[in-house]
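Peer 1: Provided below: structure_19.pdb, containing PDB, C-alpha atoms.
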```
ATOM      1  CA  MET C   1    -209.029  70.197  79.954
ATOM      2  CA  SER C   2    -205.941  68.614  78.499
ATOM      3  CA  GLU C   3    -203.678  70.823  76.421
ATOM      4  CA  GLU C   4    -203.665  70.367  72.704
ATOM      5  CA  ILE C   5    -200.467  69.146  71.096
ATOM      6  CA  LEU C   6    -199.112  69.380  67.567
ATOM      7  CA  GLU C   7    -198.551  66.298  65.476
ATOM      8  CA  PRO C   8    -196.905  67.569  62.301
ATOM      9  CA  GLU C   9    -196.461  64.099  60.817
ATOM     10  CA  LYS C  10    -200.277  63.851  60.597
ATOM     11  CA  TRP C  11    -200.924  67.334  59.211
ATOM     12  CA  VAL C  12    -200.984  66.460  55.528
ATOM     13  CA  GLU C  13    -203.295  63.507  55.998
ATOM     14  CA  GLN C  14    -205.661  65.332  58.313
ATOM     15  CA  TYR C  15    -205.733  68.904  57.059
ATOM     16  CA  ALA C  16    -204.220  69.299  53.572
ATOM     17  CA  ASP C  17    -207.468  68.825  51.624
ATOM     18  CA  MET C  18    -209.473  70.934  54.053
ATOM     19  CA  LEU C  19    -207.003  73.819  53.885
ATOM     20  CA  TYR C  20    -206.788  73.530  50.127
ATOM     21  CA  ARG C  21    -210.560  73.696  49.651
ATOM     22  CA  TYR C  22    -210.771  76.678  51.983
ATOM     23  CA  THR C  23    -208.110  78.468  49.925
ATOM     24  CA  LEU C  24    -209.534  77.539  46.558
ATOM     25  CA  VAL C  25    -212.787  79.291  47.417
ATOM     26  CA  ARG C  26    -210.759  82.462  47.988
ATOM     27  CA  VAL C  27    -208.205  82.439  45.186
ATOM     28  CA  LYS C  28    -209.129  81.465  41.648
ATOM     29  CA  ASP C  29    -205.805  79.970  40.617
ATOM     30  CA  PRO C  30    -205.304  76.365  41.867
ATOM     31  CA  ASP C  31    -201.496  76.824  41.713
ATOM     32  CA  VAL C  32    -201.704  79.820  44.012
ATOM     33  CA  ALA C  33    -204.001  77.910  46.377
ATOM     34  CA  GLU C  34    -201.559  75.017  46.447
ATOM     35  CA  GLU C  35    -198.677  77.328  47.156
ATOM     36  CA  LEU C  36    -200.560  78.990  50.011
ATOM     37  CA  VAL C  37    -201.234  75.614  51.623
ATOM     38  CA  GLN C  38    -197.571  74.635  51.318
ATOM     39  CA  THR C  39    -196.422  77.954  52.744
ATOM     40  CA  THR C  40    -198.847  77.481  55.624
ATOM     41  CA  PHE C  41    -197.442  74.074  56.549
ATOM     42  CA  PHE C  42    -193.866  75.309  56.284
ATOM     43  CA  ALA C  43    -194.612  78.386  58.399
ATOM     44  CA  ALA C  44    -196.439  76.220  60.954
ATOM     45  CA  LEU C  45    -193.479  73.907  61.201
ATOM     46  CA  LYS C  46    -191.173  76.831  61.821
ATOM     47  CA  SER C  47    -193.345  78.407  64.471
ATOM     48  CA  GLN C  48    -194.374  75.324  66.434
ATOM     49  CA  HIS C  49    -192.939  76.912  69.571
ATOM     50  CA  THR C  50    -195.614  79.632  69.399
ATOM     51  CA  PHE C  51    -198.410  77.057  69.741
ATOM     52  CA  ALA C  52    -199.675  77.489  73.279
ATOM     53  CA  GLY C  53    -202.061  74.540  73.243
ATOM     54  CA  LYS C  54    -205.042  76.764  73.953
ATOM     55  CA  SER C  55    -206.698  76.217  70.606
ATOM     56  CA  THR C  56    -206.931  73.063  68.545
ATOM     57  CA  GLU C  57    -204.236  72.207  66.060
ATOM     58  CA  LYS C  58    -206.766  72.719  63.275
ATOM     59  CA  THR C  59    -207.752  76.223  64.431
ATOM     60  CA  TRP C  60    -204.087  77.134  64.754
ATOM     61  CA  LEU C  61    -203.288  75.952  61.213
ATOM     62  CA  PHE C  62    -206.300  77.785  59.800
ATOM     63  CA  GLY C  63    -205.131  80.926  61.617
ATOM     64  CA  ILE C  64    -201.790  80.740  59.822
ATOM     65  CA  LEU C  65    -203.490  80.100  56.479
ATOM     66  CA  LYS C  66    -205.766  83.119  56.952
ATOM     67  CA  HIS C  67    -202.740  85.348  57.536
ATOM     68  CA  LYS C  68    -200.966  83.955  54.503
ATOM     69  CA  THR C  69    -204.057  84.465  52.338
ATOM     70  CA  MET C  70    -204.469  88.088  53.412
ATOM     71  CA  ASP C  71    -200.733  88.631  52.787
ATOM     72  CA  HIS C  72    -201.244  87.235  49.314
ATOM     73  CA  PHE C  73    -204.201  89.566  48.692
ATOM     74  CA  ARG C  74    -202.153  92.563  49.801
ATOM     75  CA  ALA C  75    -199.178  91.571  47.673
ATOM     76  CA  ALA C  76    -201.449  91.018  44.648
ATOM     77  CA  LYS C  77    -202.717  94.600  44.884
ATOM     78  CA  LYS C  78    -200.010  95.587  42.418
ATOM     79  CA  ASN C  79    -201.209  93.060  39.832
ATOM     80  CA  ILE C  80    -204.955  93.333  40.234
ATOM     81  CA  ASN C  81    -206.049  96.915  40.350
ATOM     82  CA  LEU C  82    -209.176  96.665  42.419
ATOM     83  CA  ASP C  83    -210.439 100.102  41.563
ATOM     84  CA  LEU C  84    -212.882 100.486  38.714
ATOM     85  CA  SER C  85    -210.332 101.706  36.180
ATOM     86  CA  ASP C  86    -211.456  99.243  33.526
ATOM     87  CA  PRO C  87    -215.179  99.049  34.004
ATOM     88  CA  GLU C  88    -217.025  95.879  33.214
ATOM     89  CA  GLY C  89    -220.575  96.754  32.370
ATOM     90  CA  ASP C  90    -223.587  95.548  34.239
ATOM     91  CA  SER C  91    -224.933  92.272  32.936
ATOM     92  CA  ILE C  92    -228.543  93.007  33.857
ATOM     93  CA  GLN C  93    -230.711  94.415  31.070
ATOM     94  CA  PHE C  94    -233.868  96.521  31.214
ATOM     95  CA  ASP C  95    -236.735  97.144  28.840
ATOM     96  CA  PRO C  96    -237.743 100.738  27.910
ATOM     97  CA  MET C  97    -240.202 100.731  30.818
ATOM     98  CA  GLY C  98    -237.352 100.089  33.245
ATOM     99  CA  HIS C  99    -238.217  96.455  34.019
ATOM    100  CA  MET C 100    -235.590  93.738  34.289
ATOM    101  CA  VAL C 101    -235.280  91.535  31.209
ATOM    102  CA  PRO C 102    -235.646  88.649  31.728
ATOM    103  CA  PRO C 103    -237.493  89.142  35.007
ATOM    104  CA  PRO C 104    -235.721  87.698  38.067
ATOM    105  CA  ASN C 105    -236.545  84.076  38.719
ATOM    106  CA  ASN C 106    -238.297  83.341  41.956
ATOM    107  CA  TRP C 107    -235.897  80.869  43.566
ATOM    108  CA  ASN C 108    -238.561  80.020  46.134
ATOM    109  CA  LEU C 109    -235.908  79.795  48.785
ATOM    110  CA  ASN C 110    -235.571  81.274  52.186
ATOM    111  CA  PRO C 111    -232.108  82.906  51.982
ATOM    112  CA  GLU C 112    -231.130  81.495  55.389
ATOM    113  CA  LYS C 113    -232.299  77.999  54.566
ATOM    114  CA  ALA C 114    -230.614  78.017  51.144
ATOM    115  CA  VAL C 115    -227.319  77.058  52.792
ATOM    116  CA  GLU C 116    -228.711  73.592  53.390
ATOM    117  CA  ASN C 117    -228.920  73.130  49.646
ATOM    118  CA  LYS C 118    -225.485  71.747  48.855
ATOM    119  CA  GLU C 119    -226.086  71.530  45.133
ATOM    120  CA  LEU C 120    -226.977  75.199  44.975
ATOM    121  CA  ALA C 121    -223.820  76.137  46.857
ATOM    122  CA  GLN C 122    -221.791  74.055  44.420
ATOM    123  CA  VAL C 123    -223.288  76.040  41.555
ATOM    124  CA  LEU C 124    -222.254  79.217  43.326
ATOM    125  CA  ALA C 125    -218.688  77.884  43.673
ATOM    126  CA  LYS C 126    -218.635  77.271  39.934
ATOM    127  CA  CYS C 127    -220.139  80.666  39.104
ATOM    128  CA  LEU C 128    -217.710  82.400  41.428
ATOM    129  CA  ASN C 129    -214.875  80.896  39.442
ATOM    130  CA  GLY C 130    -216.296  82.437  36.295
ATOM    131  CA  LEU C 131    -215.978  86.010  37.589
ATOM    132  CA  SER C 132    -213.077  88.169  36.451
ATOM    133  CA  GLU C 133    -210.110  88.343  38.866
ATOM    134  CA  LYS C 134    -211.180  91.786  39.993
ATOM    135  CA  PHE C 135    -214.824  90.975  40.692
ATOM    136  CA  HIS C 136    -213.829  87.661  42.239
ATOM    137  CA  ARG C 137    -211.433  89.352  44.663
ATOM    138  CA  ILE C 138    -213.912  92.065  45.609
ATOM    139  CA  PHE C 139    -216.715  89.557  46.193
ATOM    140  CA  VAL C 140    -214.450  87.251  48.220
ATOM    141  CA  LEU C 141    -213.206  90.077  50.432
ATOM    142  CA  LYS C 142    -216.708  91.312  51.138
ATOM    143  CA  GLU C 143    -218.899  88.210  51.226
ATOM    144  CA  ILE C 144    -216.544  85.376  52.073
ATOM    145  CA  GLU C 145    -213.839  87.012  54.195
ATOM    146  CA  GLY C 146    -216.498  89.303  55.619
ATOM    147  CA  LEU C 147    -214.388  92.487  55.573
ATOM    148  CA  SER C 148    -216.292  95.735  55.985
ATOM    149  CA  SER C 149    -216.586  98.150  53.066
ATOM    150  CA  GLU C 150    -214.330 100.578  54.976
ATOM    151  CA  GLU C 151    -211.622  97.956  55.451
ATOM    152  CA  ILE C 152    -211.639  96.995  51.771
ATOM    153  CA  CYS C 153    -211.464 100.612  50.611
ATOM    154  CA  LYS C 154    -208.625 101.449  52.980
ATOM    155  CA  GLU C 155    -206.602  98.292  52.531
ATOM    156  CA  PHE C 156    -206.958  97.974  48.762
ATOM    157  CA  GLY C 157    -207.220 101.594  47.683
ATOM    158  CA  VAL C 158    -210.764 101.396  46.315
ATOM    159  CA  LYS C 159    -213.121 104.369  46.246
ATOM    160  CA  PRO C 160    -216.338 103.582  48.153
ATOM    161  CA  THR C 161    -218.601 104.398  45.177
ATOM    162  CA  ASN C 162    -216.571 102.084  42.968
ATOM    163  CA  LEU C 163    -216.724  99.334  45.552
ATOM    164  CA  TRP C 164    -220.517  99.456  45.644
ATOM    165  CA  VAL C 165    -220.756  99.464  41.872
ATOM    166  CA  MET C 166    -218.381  96.507  41.559
ATOM    167  CA  LEU C 167    -220.156  94.491  44.250
ATOM    168  CA  HIS C 168    -223.444  95.197  42.563
ATOM    169  CA  ARG C 169    -222.146  94.025  39.185
ATOM    170  CA  ALA C 170    -220.421  90.970  40.622
ATOM    171  CA  ARG C 171    -223.656  89.954  42.360
ATOM    172  CA  ASN C 172    -225.608  90.443  39.141
ATOM    173  CA  GLN C 173    -223.202  88.228  37.206
ATOM    174  CA  LEU C 174    -223.459  85.559  39.890
ATOM    175  CA  LYS C 175    -227.231  85.784  39.987
ATOM    176  CA  LEU C 176    -227.495  85.348  36.205
ATOM    177  CA  CYS C 177    -225.010  82.482  36.265
ATOM    178  CA  MET C 178    -226.963  80.755  39.042
ATOM    179  CA  GLU C 179    -230.170  81.137  37.079
ATOM    180  CA  ALA C 180    -228.546  79.717  33.969
ATOM    181  CA  ASN C 181    -226.886  76.760  35.696
ATOM    182  CA  TRP C 182    -229.146  75.714  38.479
ATOM    183  CA  LEU C 183    -232.617  76.892  37.797
ATOM    184  CA  SER C 184    -232.559  75.708  34.214
ATOM    185  CA  LYS C 185    -232.531  72.184  35.628
ATOM    186  CA  GLU C 186    -235.790  72.671  37.479
TER     187      GLU C 186
ATOM    188  CA  MET Y   1    -238.133 112.348  39.750
ATOM    189  CA  SER Y   2    -241.353 111.477  41.516
ATOM    190  CA  ILE Y   3    -241.006 108.424  43.710
ATOM    191  CA  PHE Y   4    -244.166 107.086  42.124
ATOM    192  CA  LYS Y   5    -242.499 107.087  38.719
ATOM    193  CA  MET Y   6    -239.412 105.216  39.845
ATOM    194  CA  THR Y   7    -238.682 102.107  37.818
ATOM    195  CA  CYS Y   8    -236.824  98.924  38.769
ATOM    196  CA  LYS Y   9    -233.845 100.284  36.857
ATOM    197  CA  ASP Y  10    -233.752 103.350  39.110
ATOM    198  CA  VAL Y  11    -234.044 101.347  42.292
ATOM    199  CA  TYR Y  12    -232.160  98.101  41.828
ATOM    200  CA  PRO Y  13    -228.634  99.423  42.582
ATOM    201  CA  LEU Y  14    -229.962 100.485  45.986
ATOM    202  CA  ILE Y  15    -230.916  96.893  46.755
ATOM    203  CA  SER Y  16    -227.300  95.822  46.465
ATOM    204  CA  GLU Y  17    -225.876  98.975  48.074
ATOM    205  CA  GLU Y  18    -228.082  98.502  51.089
ATOM    206  CA  MET Y  19    -226.126  95.323  51.783
ATOM    207  CA  ASP Y  20    -222.854  97.241  51.949
ATOM    208  CA  ARG Y  21    -223.634 100.548  53.604
ATOM    209  CA  PRO Y  22    -226.463 102.380  55.354
ATOM    210  CA  LEU Y  23    -228.554 104.194  52.744
ATOM    211  CA  SER Y  24    -229.515 107.827  53.094
ATOM    212  CA  PHE Y  25    -232.981 108.532  54.440
ATOM    213  CA  GLY Y  26    -234.257 109.541  51.005
ATOM    214  CA  ALA Y  27    -232.868 106.427  49.348
ATOM    215  CA  ARG Y  28    -234.401 104.229  52.033
ATOM    216  CA  VAL Y  29    -237.804 105.791  51.470
ATOM    217  CA  ARG Y  30    -237.532 105.419  47.684
ATOM    218  CA  LEU Y  31    -236.528 101.799  48.010
ATOM    219  CA  LYS Y  32    -239.257 100.961  50.488
ATOM    220  CA  MET Y  33    -241.941 102.649  48.376
ATOM    221  CA  HIS Y  34    -240.843 100.748  45.303
ATOM    222  CA  LEU Y  35    -240.533  97.364  47.031
ATOM    223  CA  GLY Y  36    -244.056  97.845  48.339
ATOM    224  CA  ILE Y  37    -245.439  97.798  44.827
ATOM    225  CA  CYS Y  38    -242.885  95.725  42.911
ATOM    226  CA  SER Y  39    -242.758  91.984  43.551
ATOM    227  CA  LEU Y  40    -239.970  91.478  41.017
ATOM    228  CA  CYS Y  41    -237.573  93.730  42.909
ATOM    229  CA  GLU Y  42    -238.514  91.918  46.101
ATOM    230  CA  ILE Y  43    -237.539  88.660  44.374
ATOM    231  CA  TYR Y  44    -234.266  90.250  43.250
ATOM    232  CA  ARG Y  45    -233.581  91.342  46.811
ATOM    233  CA  LYS Y  46    -234.094  87.782  48.061
ATOM    234  CA  GLN Y  47    -231.777  86.472  45.367
ATOM    235  CA  LEU Y  48    -228.970  88.738  46.561
ATOM    236  CA  ALA Y  49    -229.595  87.742  50.174
ATOM    237  CA  THR Y  50    -229.423  84.091  49.123
ATOM    238  CA  LEU Y  51    -226.124  84.712  47.344
ATOM    239  CA  ARG Y  52    -224.743  86.237  50.517
ATOM    240  CA  SER Y  53    -225.714  83.374  52.796
ATOM    241  CA  LEU Y  54    -224.507  80.773  50.306
ATOM    242  CA  ALA Y  55    -221.166  82.576  49.928
ATOM    243  CA  ARG Y  56    -220.711  82.645  53.680
ATOM    244  CA  SER Y  57    -221.376  78.955  54.047
ATOM    245  CA  LEU Y  58    -219.074  78.176  51.126
ATOM    246  CA  GLY Y  59    -216.235  80.009  52.840
ATOM    247  CA  LYS Y  60    -216.452  78.276  56.197
ATOM    248  CA  GLU Y  61    -213.549  76.172  57.497
ATOM    249  CA  ASP Y  62    -215.670  73.058  57.721
ATOM    250  CA  SER Y  63    -217.546  73.601  54.497
ATOM    251  CA  ARG Y  64    -218.130  70.265  52.809
ATOM    252  CA  ILE Y  65    -219.607  71.867  49.717
ATOM    253  CA  THR Y  66    -216.593  71.239  47.500
ATOM    254  CA  GLU Y  67    -215.457  68.096  49.288
ATOM    255  CA  THR Y  68    -214.544  66.243  46.122
ATOM    256  CA  THR Y  69    -211.747  68.772  45.594
ATOM    257  CA  VAL Y  70    -208.438  67.469  46.918
ATOM    258  CA  LEU Y  71    -204.872  68.692  46.954
ATOM    259  CA  ASN Y  72    -202.614  67.222  44.286
ATOM    260  CA  PRO Y  73    -201.085  63.944  45.665
ATOM    261  CA  GLU Y  74    -197.605  64.920  44.475
ATOM    262  CA  THR Y  75    -197.767  68.169  46.423
ATOM    263  CA  LYS Y  76    -198.962  66.283  49.478
ATOM    264  CA  GLU Y  77    -196.042  63.908  49.189
ATOM    265  CA  LYS Y  78    -193.608  66.791  48.832
ATOM    266  CA  ILE Y  79    -194.957  68.528  51.942
ATOM    267  CA  GLN Y  80    -194.980  65.263  53.899
ATOM    268  CA  LYS Y  81    -191.360  64.637  52.974
ATOM    269  CA  PHE Y  82    -190.375  68.134  53.973
ATOM    270  CA  ILE Y  83    -192.126  67.792  57.335
ATOM    271  CA  LYS Y  84    -190.454  64.446  58.024
ATOM    272  CA  GLU Y  85    -187.044  65.939  57.368
ATOM    273  CA  LYS Y  86    -187.664  68.804  59.750
ATOM    274  CA  ILE Y  87    -189.080  66.970  62.757
TER     275      ILE Y  87
END
```
Show me this structure written as structure tokens.
Peer 2:
Amino acid sequence: MSEEILEPEKWVEQYADMLYRYTLVRVKDPDVAEELVQTTFFAALKSQHTFAGKSTEKTWLFGILKHKTMDHFRAAKKNINLDLSDPEGDSIQFDPMGHMVPPPNNWNLNPEKAVENKELAQVLAKCLNGLSEKFHRIFVLKEIEGLSSEEICKEFGVKPTNLWVMLHRARNQLKLCMEANWLSKE
Amino acid sequence: MSIFKMTCKDVYPLISEEMDRPLSFGARVRLKMHLGICSLCEIYRKQLATLRSLARSLGKEDSRITETTVLNPETKEKIQKFIKEKI
């Protein structure tokens, strides 16, 4: 197999949009996402000598971006307190009998197959953007970055009980938003 | 509280928590008992599972879900210029 080479003059054309979209799913602020993509290209340029040609150029660039994004999350710890100091209530309501009001909509979807529904995923992207910074970050770390609960608690100073409560509430907000934006069209 | 008197309100946090940590034996039993008789909570559970799989696909490197989103052309130009100067 031939070794991969780097072609920095083609990076922007080939990867800029892809890297930007990947980042924008993870950070809410487009300016921050833009900055992370820039930083990634600059860092890649500086460390070209570390590219061993074993992976593709694309994988290598994404690797740098992932590091930069996690660095950003760690640095932002000071600004976004991820613990539940300022609780946002749960958006799901119940009647006196303890039933959900309104009752959950049957999406009639197999959760695994739902990923093939691009429109539905676009609604999720929109709903995700509507979460508060705190819930957005928690949901991204858990469900998009795929960190374990232990890692999130340790790395971001969150108590496990608070993490579960916040994930639960973030999911409920997303669920209600999806119902309002997607299912209303059915 | 008797497990037969458990309402959706009592059980629904467990549905989310189960996605993030192993539940205690007692909690697992309570949840299973309730899901056996409550179709609405089963629907809710599927909704959360759908959210999870959609979120994962949204976050993939090759995700084309938000493909109309592009980086600002001015920023692209700036980066391109910088790269040209350095190589």
Peer 1: Could you check how far atom CA of Val11 of chain Y sits from atom CA of His34 of chain Y, in Å to one decimal?
Peer 2: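 Result for atom CA of Val11 of chain Y versus atom CA of His34 of chain Y: 7.5 Å, one decimal.
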Peer 1: As a PyMOL selection string, please: the residues near segment 69-72 of chain Y (cut-off 9 Å, only C-alpha atoms, same-chain neighbours under 3 positions excluded).
Peer 2: (chain C and resi 16-21+34) or (chain Y and resi 66+75-77)
Peer 1: Point out the residue among Y:Met19, Y:Met6, Y:Pro73, Y:Phe25 with the least atom-to-atom distance to Ser53 of chain Y, counting only C-alpha atoms.
Peer 2: Y:Met19
Peer 1: Find the nearest atom pair between each residue of chain Y and chain C for residues within 9 Å, count all atoms listed in the file, give distances in Å to one decimal, sort rows by chain and ascending number, and present the table as JSON lines.
Peer 2:
```
{"residue": "Y:Met6", "atom": "CA", "partner": "C:Gly98", "partner_atom": "CA", "distance": 8.6}
{"residue": "Y:Thr7", "atom": "CA", "partner": "C:Gly98", "partner_atom": "CA", "distance": 5.2}
{"residue": "Y:Cys8", "atom": "CA", "partner": "C:His99", "partner_atom": "CA", "distance": 5.5}
{"residue": "Y:Lys9", "atom": "CA", "partner": "C:Gly98", "partner_atom": "CA", "distance": 5.0}
{"residue": "Y:Asp10", "atom": "CA", "partner": "C:Gly98", "partner_atom": "CA", "distance": 7.6}
{"residue": "Y:Pro13", "atom": "CA", "partner": "C:His168", "partner_atom": "CA", "distance": 6.7}
{"residue": "Y:Ile15", "atom": "CA", "partner": "C:His168", "partner_atom": "CA", "distance": 8.7}
{"residue": "Y:Ser16", "atom": "CA", "partner": "C:His168", "partner_atom": "CA", "distance": 5.5}
{"residue": "Y:Glu17", "atom": "CA", "partner": "C:Trp164", "partner_atom": "CA", "distance": 5.9}
{"residue": "Y:Asp20", "atom": "CA", "partner": "C:Ser149", "partner_atom": "CA", "distance": 6.4}
{"residue": "Y:Arg21", "atom": "CA", "partner": "C:Ser149", "partner_atom": "CA", "distance": 7.5}
{"residue": "Y:Leu40", "atom": "CA", "partner": "C:Pro104", "partner_atom": "CA", "distance": 6.4}
{"residue": "Y:Cys41", "atom": "CA", "partner": "C:Pro104", "partner_atom": "CA", "distance": 8.0}
{"residue": "Y:Ile43", "atom": "CA", "partner": "C:Asn106", "partner_atom": "CA", "distance": 5.9}
{"residue": "Y:Tyr44", "atom": "CA", "partner": "C:Pro104", "partner_atom": "CA", "distance": 6.0}
{"residue": "Y:Lys46", "atom": "CA", "partner": "C:Pro111", "partner_atom": "CA", "distance": 6.6}
{"residue": "Y:Gln47", "atom": "CA", "partner": "C:Lys175", "partner_atom": "CA", "distance": 7.1}
{"residue": "Y:Leu48", "atom": "CA", "partner": "C:Arg171", "partner_atom": "CA", "distance": 6.9}
{"residue": "Y:Ala49", "atom": "CA", "partner": "C:Pro111", "partner_atom": "CA", "distance": 5.7}
{"residue": "Y:Thr50", "atom": "CA", "partner": "C:Pro111", "partner_atom": "CA", "distance": 4.1}
{"residue": "Y:Leu51", "atom": "CA", "partner": "C:Lys175", "partner_atom": "CA", "distance": 7.5}
{"residue": "Y:Arg52", "atom": "CA", "partner": "C:Glu143", "partner_atom": "CA", "distance": 6.2}
{"residue": "Y:Ser53", "atom": "CA", "partner": "C:Glu112", "partner_atom": "CA", "distance": 6.3}
{"residue": "Y:Leu54", "atom": "CA", "partner": "C:Val115", "partner_atom": "CA", "distance": 5.3}
{"residue": "Y:Ala55", "atom": "CA", "partner": "C:Ile144", "partner_atom": "CA", "distance": 5.8}
{"residue": "Y:Arg56", "atom": "CA", "partner": "C:Ile144", "partner_atom": "CA", "distance": 5.2}
{"residue": "Y:Ser57", "atom": "CA", "partner": "C:Val115", "partner_atom": "CA", "distance": 6.4}
{"residue": "Y:Leu58", "atom": "CA", "partner": "C:Ala121", "partner_atom": "CA", "distance": 6.7}
{"residue": "Y:Gly59", "atom": "CA", "partner": "C:Ile144", "partner_atom": "CA", "distance": 5.4}
{"residue": "Y:Lys60", "atom": "CA", "partner": "C:Tyr22", "partner_atom": "CA", "distance": 7.3}
{"residue": "Y:Glu61", "atom": "CA", "partner": "C:Tyr22", "partner_atom": "CA", "distance": 6.2}
{"residue": "Y:Asp62", "atom": "CA", "partner": "C:Met18", "partner_atom": "CA", "distance": 7.5}
{"residue": "Y:Ser63", "atom": "CA", "partner": "C:Tyr22", "partner_atom": "CA", "distance": 7.9}
{"residue": "Y:Arg64", "atom": "CA", "partner": "C:Lys118", "partner_atom": "CA", "distance": 8.5}
{"residue": "Y:Ile65", "atom": "CA", "partner": "C:Lys118", "partner_atom": "CA", "distance": 5.9}
{"residue": "Y:Thr66", "atom": "CA", "partner": "C:Gln122", "partner_atom": "CA", "distance": 6.7}
{"residue": "Y:Glu67", "atom": "CA", "partner": "C:Arg21", "partner_atom": "CA", "distance": 7.4}
{"residue": "Y:Thr69", "atom": "CA", "partner": "C:Arg21", "partner_atom": "CA", "distance": 6.5}
{"residue": "Y:Val70", "atom": "CA", "partner": "C:Asp17", "partner_atom": "CA", "distance": 5.0}
{"residue": "Y:Leu71", "atom": "CA", "partner": "C:Asp17", "partner_atom": "CA", "distance": 5.3}
{"residue": "Y:Asn72", "atom": "CA", "partner": "C:Glu34", "partner_atom": "CA", "distance": 8.2}
{"residue": "Y:Thr75", "atom": "CA", "partner": "C:Glu34", "partner_atom": "CA", "distance": 7.8}
{"residue": "Y:Lys76", "atom": "CA", "partner": "C:Val12", "partner_atom": "CA", "distance": 6.4}
{"residue": "Y:Glu77", "atom": "CA", "partner": "C:Val12", "partner_atom": "CA", "distance": 8.4}
{"residue": "Y:Ile79", "atom": "CA", "partner": "C:Gln38", "partner_atom": "CA", "distance": 6.7}
{"residue": "Y:Gln80", "atom": "CA", "partner": "C:Val12", "partner_atom": "CA", "distance": 6.3}
{"residue": "Y:Phe82", "atom": "CA", "partner": "C:Phe42", "partner_atom": "CA", "distance": 8.3}
{"residue": "Y:Ile83", "atom": "CA", "partner": "C:Glu9", "partner_atom": "CA", "distance": 6.7}
{"residue": "Y:Lys84", "atom": "CA", "partner": "C:Glu9", "partner_atom": "CA", "distance": 6.6}
{"residue": "Y:Lys86", "atom": "CA", "partner": "C:Leu45", "partner_atom": "CA", "distance": 7.9}
{"residue": "Y:Ile87", "atom": "CA", "partner": "C:Pro8", "partner_atom": "CA", "distance": 7.9}
```
Peer 1: Compare C:Lys28, C:Gly63, C:Lys78, C:Glu4 by their minimum atom-to-atom distance to Gly130 of chain C, counting only C-alpha atoms, and give me the closest one.
Peer 2: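 Closest to Gly130 of chain C of all the choices is C:Lys28.
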Peer 1: May I ask for the distance between atom CA of Cys127 of chain C and atom CA of Cys177 of chain C, given in Å to one decimal place?
Peer 2: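 Distance between the two atoms: 5.9 Å.
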Peer 1: So how many Å separate atom CA of Leu23 of chain Y and atom CA of Ser132 of chain C, to one decimal?
Peer 2: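 Here the two named atoms are 27.6 Å from each other.
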Peer 1: Here is a test: counting all atoms listed in the file, which residue of C:Leu147, C:Arg137, C:Phe73, C:Gln14 is nearest to Leu61 of chain C?
Peer 2: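 Using all atoms listed in the file, the shortest distance to Leu61 of chain C belongs to C:Gln14.
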Peer 1: Which is closest to Cys38 of chain Y among Y:Gly26, Y:Glu74, Y:Glu18, Y:Tyr12, if we use all atoms listed in the file?
Peer 2: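 Of Y:Gly26, Y:Glu74, Y:Glu18, Y:Tyr12, the one nearest Cys38 of chain Y is Y:Tyr12, counting all atoms listed in the file.
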Peer 1: Please rebuild segment 127-138 of chain C with N, CA and C atoms and return the result as a PDB file, in the frame of the given file.
Peer 2:
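result-v1.pdb written:
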```
ATOM      1  N   CYS C 127    -219.886  79.332  39.654  1.00  0.00           N
ATOM      2  CA  CYS C 127    -220.139  80.666  39.104  1.00  0.00           C
ATOM      3  C   CYS C 127    -219.092  81.675  39.592  1.00  0.00           C
ATOM      4  N   LEU C 128    -218.710  81.520  40.832  1.00  0.00           N
ATOM      5  CA  LEU C 128    -217.710  82.400  41.428  1.00  0.00           C
ATOM      6  C   LEU C 128    -216.407  82.321  40.639  1.00  0.00           C
ATOM      7  N   ASN C 129    -216.080  81.126  40.217  1.00  0.00           N
ATOM      8  CA  ASN C 129    -214.875  80.896  39.442  1.00  0.00           C
ATOM      9  C   ASN C 129    -214.924  81.563  38.078  1.00  0.00           C
ATOM     10  N   GLY C 130    -216.138  81.819  37.602  1.00  0.00           N
ATOM     11  CA  GLY C 130    -216.296  82.437  36.295  1.00  0.00           C
ATOM     12  C   GLY C 130    -216.189  83.962  36.315  1.00  0.00           C
ATOM     13  N   LEU C 131    -216.112  84.543  37.511  1.00  0.00           N
ATOM     14  CA  LEU C 131    -215.978  86.010  37.589  1.00  0.00           C
ATOM     15  C   LEU C 131    -214.567  86.415  37.176  1.00  0.00           C
ATOM     16  N   SER C 132    -214.414  87.656  36.745  1.00  0.00           N
ATOM     17  CA  SER C 132    -213.077  88.169  36.451  1.00  0.00           C
ATOM     18  C   SER C 132    -212.294  88.235  37.759  1.00  0.00           C
ATOM     19  N   GLU C 133    -210.961  88.291  37.665  1.00  0.00           N
ATOM     20  CA  GLU C 133    -210.110  88.343  38.866  1.00  0.00           C
ATOM     21  C   GLU C 133    -210.552  89.461  39.815  1.00  0.00           C
ATOM     22  N   LYS C 134    -210.842  90.612  39.196  1.00  0.00           N
ATOM     23  CA  LYS C 134    -211.180  91.786  39.993  1.00  0.00           C
ATOM     24  C   LYS C 134    -212.490  91.597  40.755  1.00  0.00           C
ATOM     25  N   PHE C 135    -213.525  91.168  40.043  1.00  0.00           N
ATOM     26  CA  PHE C 135    -214.824  90.975  40.692  1.00  0.00           C
ATOM     27  C   PHE C 135    -214.752  89.826  41.694  1.00  0.00           C
ATOM     28  N   HIS C 136    -213.993  88.808  41.345  1.00  0.00           N
ATOM     29  CA  HIS C 136    -213.829  87.661  42.239  1.00  0.00           C
ATOM     30  C   HIS C 136    -213.209  88.130  43.562  1.00  0.00           C
ATOM     31  N   ARG C 137    -212.141  88.898  43.454  1.00  0.00           N
ATOM     32  CA  ARG C 137    -211.433  89.352  44.663  1.00  0.00           C
ATOM     33  C   ARG C 137    -212.337  90.221  45.530  1.00  0.00           C
ATOM     34  N   ILE C 138    -213.025  91.160  44.878  1.00  0.00           N
ATOM     35  CA  ILE C 138    -213.912  92.065  45.609  1.00  0.00           C
ATOM     36  C   ILE C 138    -215.012  91.284  46.323  1.00  0.00           C
TER      37      ILE C 138
END
```
